[in-house]
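One structure is given here, and the rest of the page talks about it.
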Amino acid sequence: MKKIIILATLVAFVGCADNSSIKHLKIGVNAEYAPYEYLEGNELVGFNVEVSKALLEEAGYTYEFDNMTFDGLIAALQSKKVDILIGISPTEDRKKVVDFTDNYSVDEQVIITLTNRVSTLDIKNLQGSKVGVLLGSIQEVVLNTVPGVSPVLYNNYTGAILDLKSQKIDAILLSSLPAKQNMEQNADLAMLGIVESDISEGFGIAMNKDQDKLKKELNDAIKVLQSKGIVDELKEKYKI
């Protein structure tokens, strides 16, 4: 009996050692937010995608991506279906349930509308306006702080753009770069203005609580990439 117990202990110990040496991570992402994360054919591309690849390679990890709806990302992380998340901003509410690395980039939140509506809408008074926003996004959190607005939630911005053009909603709140790209692709869209907010507008990498080693490794990698100018190069590549 004593030999069996010792053997079981050794097996358990070896198993733990093997698990601790695994450096492969599954990354949760919502590929609906060009130019940060999106699909070109079957290829996942974008600023956040390239930054996360560079960070993980710098930290010595291999990886794979799992594309899912944005509002399912944190649940997938908490249930350990994925190991980390990209393309998600740290907010105080999110920090209560998951942990974040340092931010590697920041962005502004802007409202776009139809060109012919710019003169009739007031960025400082959107009372009674229907504003489209991505479900579960930082923009939804920001929009909930704007008085008198009726948020209309979407799983992707394609549907929001279509509803804006058909005047089912009055405007859309999104980050400045996707806003710029949508306006370049649609001559009938224009920027109404920037929404000022104290809520986090940066990008970091999310992970479950008590992942101190992983968090340190990724924070160290962020510093290396920033010092080498790699983050700035990717910002220039994607015109951020």
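Letters A, B, ... go to the chains of the structure tokens in the order shown; residues in each chain start at 1; ligands are counted from 1 in the same order.
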
Worksheet item: What's the 8 Å shell around region 180-194 of chain A, counting only C-alpha atoms, without same-chain residues fewer than 3 positions away, as a PyMOL selection string?
Response: chain A and resi 108-116+118+121-123+176-177

Write to file, as a PDB file, in the first residue's frame, the residues of the selection just made, with C-alpha atoms.
```
ATOM      1  CA  GLU A 108     -10.728  57.685 -28.320  1.00  0.00           C
ATOM      2  CA  GLN A 109     -14.439  56.923 -28.503  1.00  0.00           C
ATOM      3  CA  VAL A 110     -16.385  58.790 -31.184  1.00  0.00           C
ATOM      4  CA  ILE A 111     -19.931  59.014 -32.459  1.00  0.00           C
ATOM      5  CA  ILE A 112     -20.674  58.782 -36.178  1.00  0.00           C
ATOM      6  CA  THR A 113     -23.941  59.488 -37.920  1.00  0.00           C
ATOM      7  CA  LEU A 114     -25.341  60.124 -41.390  1.00  0.00           C
ATOM      8  CA  THR A 115     -23.782  63.144 -43.084  1.00  0.00           C
ATOM      9  CA  ASN A 116     -27.163  64.837 -43.396  1.00  0.00           C
ATOM     10  CA  VAL A 118     -24.634  66.158 -38.402  1.00  0.00           C
ATOM     11  CA  LEU A 121     -27.652  66.198 -33.729  1.00  0.00           C
ATOM     12  CA  ASP A 122     -25.692  67.721 -30.855  1.00  0.00           C
ATOM     13  CA  ILE A 123     -22.809  65.705 -29.382  1.00  0.00           C
ATOM     14  CA  SER A 176     -11.866  56.383 -33.557  1.00  0.00           C
ATOM     15  CA  LEU A 177      -9.994  54.177 -36.025  1.00  0.00           C
TER      16      LEU A 177
END
```

Discussion item. Give me, as a VMD selection string, all polymer residues having an atom no more than 9 Å from Ala34 (chain A), counting only C-alpha atoms and skipping those fewer than 2 positions away in the same chain.
Written reply: chain A and resid 31 to 32 36 to 39 45 to 47 177 to 178 181

If you keep N, CA and C atoms, can you produce a file of those selected residues as a short mmCIF file (atom, residue, chain, number, x, y, z; two decimals), in the first residue's frame?
```cif
data_model
loop_
_atom_site.label_atom_id
_atom_site.label_comp_id
_atom_site.auth_asym_id
_atom_site.auth_seq_id
_atom_site.Cartn_x
_atom_site.Cartn_y
_atom_site.Cartn_z
N ALA A 31 -13.48 38.76 -34.07
CA ALA A 31 -12.90 39.29 -35.31
C ALA A 31 -13.92 40.11 -36.10
N GLU A 32 -14.49 41.12 -35.45
CA GLU A 32 -15.52 41.94 -36.07
C GLU A 32 -15.19 43.43 -35.94
N TYR A 36 -8.58 46.49 -35.82
CA TYR A 36 -7.97 45.90 -34.64
C TYR A 36 -7.93 44.38 -34.70
N GLU A 37 -9.05 43.77 -35.06
CA GLU A 37 -9.11 42.32 -35.24
C GLU A 37 -10.24 42.00 -36.22
N TYR A 38 -9.88 41.36 -37.33
CA TYR A 38 -10.88 41.07 -38.35
C TYR A 38 -10.36 39.96 -39.27
N LEU A 39 -11.22 39.47 -40.14
CA LEU A 39 -10.86 38.38 -41.05
C LEU A 39 -10.63 38.90 -42.45
N VAL A 45 -6.49 38.84 -38.90
CA VAL A 45 -5.49 39.90 -38.99
C VAL A 45 -5.92 41.08 -38.13
N GLY A 46 -5.07 42.11 -38.07
CA GLY A 46 -5.40 43.33 -37.35
C GLY A 46 -4.33 43.72 -36.35
N PHE A 47 -4.42 44.96 -35.87
CA PHE A 47 -3.44 45.51 -34.94
C PHE A 47 -3.33 44.67 -33.67
N LEU A 177 -10.53 54.74 -34.78
CA LEU A 177 -9.99 54.18 -36.03
C LEU A 177 -11.04 53.41 -36.83
N PRO A 178 -11.81 52.49 -36.21
CA PRO A 178 -12.90 51.87 -36.97
C PRO A 178 -13.90 52.90 -37.48
N GLN A 181 -12.39 54.37 -40.62
CA GLN A 181 -12.46 53.43 -41.75
C GLN A 181 -13.88 53.34 -42.31
#
```

Practice prompt. Enumerate the residues of region 152-232 of chain A with a DSSP assignment of alpha helix (DSSP H), computed from the backbone, and present them as a ChimeraX atom specification.
Written response: /A:157-165,176-185,212-227,230-232

Output N, CA and C atoms for every residue in that selection, as an mmCIF file, in the first residue's frame.
```cif
data_model
loop_
_atom_site.group_PDB
_atom_site.id
_atom_site.type_symbol
_atom_site.label_atom_id
_atom_site.label_comp_id
_atom_site.auth_asym_id
_atom_site.auth_seq_id
_atom_site.Cartn_x
_atom_site.Cartn_y
_atom_site.Cartn_z
ATOM 1 N N TYR A 157 -20.745 45.443 -35.891
ATOM 2 C CA TYR A 157 -21.032 46.787 -36.371
ATOM 3 C C TYR A 157 -21.592 46.814 -37.790
ATOM 4 N N THR A 158 -21.535 45.695 -38.493
ATOM 5 C CA THR A 158 -22.132 45.634 -39.832
ATOM 6 C C THR A 158 -23.631 45.900 -39.749
ATOM 7 N N GLY A 159 -24.274 45.245 -38.794
ATOM 8 C CA GLY A 159 -25.708 45.458 -38.599
ATOM 9 C C GLY A 159 -26.018 46.865 -38.155
ATOM 10 N N ALA A 160 -25.158 47.440 -37.326
ATOM 11 C CA ALA A 160 -25.369 48.811 -36.859
ATOM 12 C C ALA A 160 -25.285 49.806 -38.015
ATOM 13 N N ILE A 161 -24.311 49.618 -38.897
ATOM 14 C CA ILE A 161 -24.166 50.508 -40.064
ATOM 15 C C ILE A 161 -25.398 50.420 -40.950
ATOM 16 N N LEU A 162 -25.887 49.210 -41.177
ATOM 17 C CA LEU A 162 -27.087 49.037 -42.006
ATOM 18 C C LEU A 162 -28.293 49.723 -41.387
ATOM 19 N N ASP A 163 -28.443 49.591 -40.069
ATOM 20 C CA ASP A 163 -29.568 50.233 -39.387
ATOM 21 C C ASP A 163 -29.426 51.750 -39.378
ATOM 22 N N LEU A 164 -28.200 52.239 -39.289
ATOM 23 C CA LEU A 164 -27.982 53.688 -39.358
ATOM 24 C C LEU A 164 -28.387 54.220 -40.726
ATOM 25 N N LYS A 165 -27.984 53.524 -41.775
ATOM 26 C CA LYS A 165 -28.316 53.961 -43.133
ATOM 27 C C LYS A 165 -29.819 53.920 -43.392
ATOM 28 N N SER A 176 -12.127 55.403 -32.497
ATOM 29 C CA SER A 176 -11.866 56.383 -33.557
ATOM 30 C C SER A 176 -11.372 55.768 -34.859
ATOM 31 N N LEU A 177 -10.528 54.743 -34.781
ATOM 32 C CA LEU A 177 -9.994 54.177 -36.025
ATOM 33 C C LEU A 177 -11.041 53.406 -36.828
ATOM 34 N N PRO A 178 -11.814 52.493 -36.212
ATOM 35 C CA PRO A 178 -12.902 51.871 -36.968
ATOM 36 C C PRO A 178 -13.903 52.905 -37.484
ATOM 37 N N ALA A 179 -14.119 53.960 -36.705
ATOM 38 C CA ALA A 179 -15.013 55.035 -37.163
ATOM 39 C C ALA A 179 -14.464 55.665 -38.434
ATOM 40 N N LYS A 180 -13.169 55.957 -38.421
ATOM 41 C CA LYS A 180 -12.526 56.568 -39.592
ATOM 42 C C LYS A 180 -12.634 55.657 -40.811
ATOM 43 N N GLN A 181 -12.394 54.371 -40.623
ATOM 44 C CA GLN A 181 -12.462 53.434 -41.746
ATOM 45 C C GLN A 181 -13.878 53.336 -42.308
ATOM 46 N N ASN A 182 -14.863 53.295 -41.418
ATOM 47 C CA ASN A 182 -16.252 53.235 -41.893
ATOM 48 C C ASN A 182 -16.641 54.496 -42.651
ATOM 49 N N MET A 183 -16.146 55.643 -42.211
ATOM 50 C CA MET A 183 -16.452 56.886 -42.918
ATOM 51 C C MET A 183 -15.763 56.941 -44.273
ATOM 52 N N GLU A 184 -14.543 56.392 -44.360
ATOM 53 C CA GLU A 184 -13.831 56.349 -45.641
ATOM 54 C C GLU A 184 -14.548 55.440 -46.638
ATOM 55 N N GLN A 185 -15.176 54.387 -46.123
ATOM 56 C CA GLN A 185 -15.852 53.421 -46.985
ATOM 57 C C GLN A 185 -17.295 53.805 -47.296
ATOM 58 N N ASP A 212 -0.199 35.390 -11.930
ATOM 59 C CA ASP A 212 0.856 36.387 -11.735
ATOM 60 C C ASP A 212 2.058 36.182 -12.657
ATOM 61 N N LYS A 213 2.447 34.929 -12.842
ATOM 62 C CA LYS A 213 3.614 34.637 -13.692
ATOM 63 C C LYS A 213 3.327 35.048 -15.134
ATOM 64 N N LEU A 214 2.174 34.656 -15.639
ATOM 65 C CA LEU A 214 1.795 34.999 -17.007
ATOM 66 C C LEU A 214 1.690 36.516 -17.169
ATOM 67 N N LYS A 215 1.065 37.170 -16.202
ATOM 68 C CA LYS A 215 0.906 38.633 -16.270
ATOM 69 C C LYS A 215 2.264 39.329 -16.316
ATOM 70 N N LYS A 216 3.192 38.895 -15.477
ATOM 71 C CA LYS A 216 4.525 39.503 -15.462
ATOM 72 C C LYS A 216 5.247 39.284 -16.790
ATOM 73 N N GLU A 217 5.159 38.057 -17.299
ATOM 74 C CA GLU A 217 5.830 37.754 -18.570
ATOM 75 C C GLU A 217 5.280 38.627 -19.698
ATOM 76 N N LEU A 218 3.962 38.805 -19.733
ATOM 77 C CA LEU A 218 3.367 39.612 -20.792
ATOM 78 C C LEU A 218 3.652 41.099 -20.589
ATOM 79 N N ASN A 219 3.644 41.566 -19.346
ATOM 80 C CA ASN A 219 3.999 42.965 -19.084
ATOM 81 C C ASN A 219 5.450 43.250 -19.472
ATOM 82 N N ASP A 220 6.329 42.294 -19.171
ATOM 83 C CA ASP A 220 7.732 42.442 -19.578
ATOM 84 C C ASP A 220 7.841 42.490 -21.100
ATOM 85 N N ALA A 221 7.060 41.649 -21.772
ATOM 86 C CA ALA A 221 7.082 41.618 -23.240
ATOM 87 C C ALA A 221 6.540 42.924 -23.826
ATOM 88 N N ILE A 222 5.519 43.491 -23.188
ATOM 89 C CA ILE A 222 4.977 44.784 -23.641
ATOM 90 C C ILE A 222 6.062 45.853 -23.595
ATOM 91 N N LYS A 223 6.835 45.880 -22.501
ATOM 92 C CA LYS A 223 7.921 46.863 -22.365
ATOM 93 C C LYS A 223 8.963 46.670 -23.459
ATOM 94 N N VAL A 224 9.305 45.402 -23.759
ATOM 95 C CA VAL A 224 10.295 45.119 -24.803
ATOM 96 C C VAL A 224 9.790 45.601 -26.165
ATOM 97 N N LEU A 225 8.533 45.257 -26.493
ATOM 98 C CA LEU A 225 7.973 45.654 -27.790
ATOM 99 C C LEU A 225 7.903 47.170 -27.922
ATOM 100 N N GLN A 226 7.526 47.842 -26.831
ATOM 101 C CA GLN A 226 7.457 49.304 -26.879
ATOM 102 C C GLN A 226 8.849 49.908 -27.028
ATOM 103 N N SER A 227 9.843 49.353 -26.319
ATOM 104 C CA SER A 227 11.203 49.885 -26.403
ATOM 105 C C SER A 227 11.809 49.675 -27.789
ATOM 106 N N ILE A 230 8.101 48.341 -31.827
ATOM 107 C CA ILE A 230 7.254 47.423 -32.598
ATOM 108 C C ILE A 230 5.782 47.833 -32.530
ATOM 109 N N VAL A 231 5.322 48.249 -31.338
ATOM 110 C CA VAL A 231 3.930 48.699 -31.207
ATOM 111 C C VAL A 231 3.685 49.915 -32.096
ATOM 112 N N ASP A 232 4.636 50.857 -32.107
ATOM 113 C CA ASP A 232 4.502 52.057 -32.949
ATOM 114 C C ASP A 232 4.502 51.689 -34.433
#
```

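Distances here use only C-alpha atoms; by that measure, the residue among A:Ala54, A:Pro90, A:Ala75, A:Ser105 closest to Lys235 (chain A) is A:Ser105.
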
Neighbour list for region 143-146 of chain A as a PDB file with C-alpha atoms, in the first residue's frame, cut-off 9 Å, only C-alpha atoms, skip fewer than 2 positions in-chain:
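Here's the written file around_6.pdb:
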```
ATOM      1  CA  ASN A 125     -27.073  66.752 -25.991  1.00  0.00           C
ATOM      2  CA  LEU A 126     -28.112  63.383 -27.370  1.00  0.00           C
ATOM      3  CA  GLN A 127     -31.308  63.283 -25.332  1.00  0.00           C
ATOM      4  CA  VAL A 131     -27.233  55.054 -30.561  1.00  0.00           C
ATOM      5  CA  VAL A 133     -23.092  50.029 -29.839  1.00  0.00           C
ATOM      6  CA  ILE A 138     -16.176  49.363 -23.706  1.00  0.00           C
ATOM      7  CA  GLN A 139     -18.352  51.590 -25.898  1.00  0.00           C
ATOM      8  CA  GLU A 140     -21.479  50.144 -24.282  1.00  0.00           C
ATOM      9  CA  VAL A 141     -20.082  51.070 -20.866  1.00  0.00           C
ATOM     10  CA  GLY A 148     -30.861  60.493 -22.228  1.00  0.00           C
ATOM     11  CA  VAL A 149     -29.450  58.089 -24.827  1.00  0.00           C
ATOM     12  CA  SER A 150     -31.237  54.871 -25.782  1.00  0.00           C
ATOM     13  CA  PRO A 151     -28.519  52.261 -26.483  1.00  0.00           C
ATOM     14  CA  LEU A 173     -20.472  54.873 -30.871  1.00  0.00           C
ATOM     15  CA  VAL A 195     -17.300  61.288 -26.271  1.00  0.00           C
ATOM     16  CA  SER A 197     -15.015  59.630 -20.599  1.00  0.00           C
TER      17      SER A 197
END
```

Worksheet entry | Close residues, Asn155 (chain A) itself excluded, 7 Å, only C-alpha atoms, min 2 positions apart in chain, as a list in words | Thr69, Leu134 and Leu135 of chain A

Given the selection you just returned, output its residues as a file containing N, CA and C atoms, formatted as a short mmCIF file (atom, residue, chain, number, x, y, z; two decimals), in the first residue's frame.
```
data_model
loop_
_atom_site.label_atom_id
_atom_site.label_comp_id
_atom_site.auth_asym_id
_atom_site.auth_seq_id
_atom_site.Cartn_x
_atom_site.Cartn_y
_atom_site.Cartn_z
N THR A 69 -18.27 35.54 -30.29
CA THR A 69 -18.98 36.81 -30.12
C THR A 69 -18.34 37.59 -28.98
N LEU A 134 -21.68 48.07 -29.73
CA LEU A 134 -21.39 46.64 -29.68
C LEU A 134 -21.69 46.08 -28.29
N LEU A 135 -22.46 45.01 -28.25
CA LEU A 135 -22.85 44.38 -26.99
C LEU A 135 -21.62 43.92 -26.20
#
```

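The smallest atom-to-atom distance between Gly87 (chain A) and any of A:Gln211, A:Thr120, A:Asn103, A:Ser166, using only C-alpha atoms, is found for A:Asn103.
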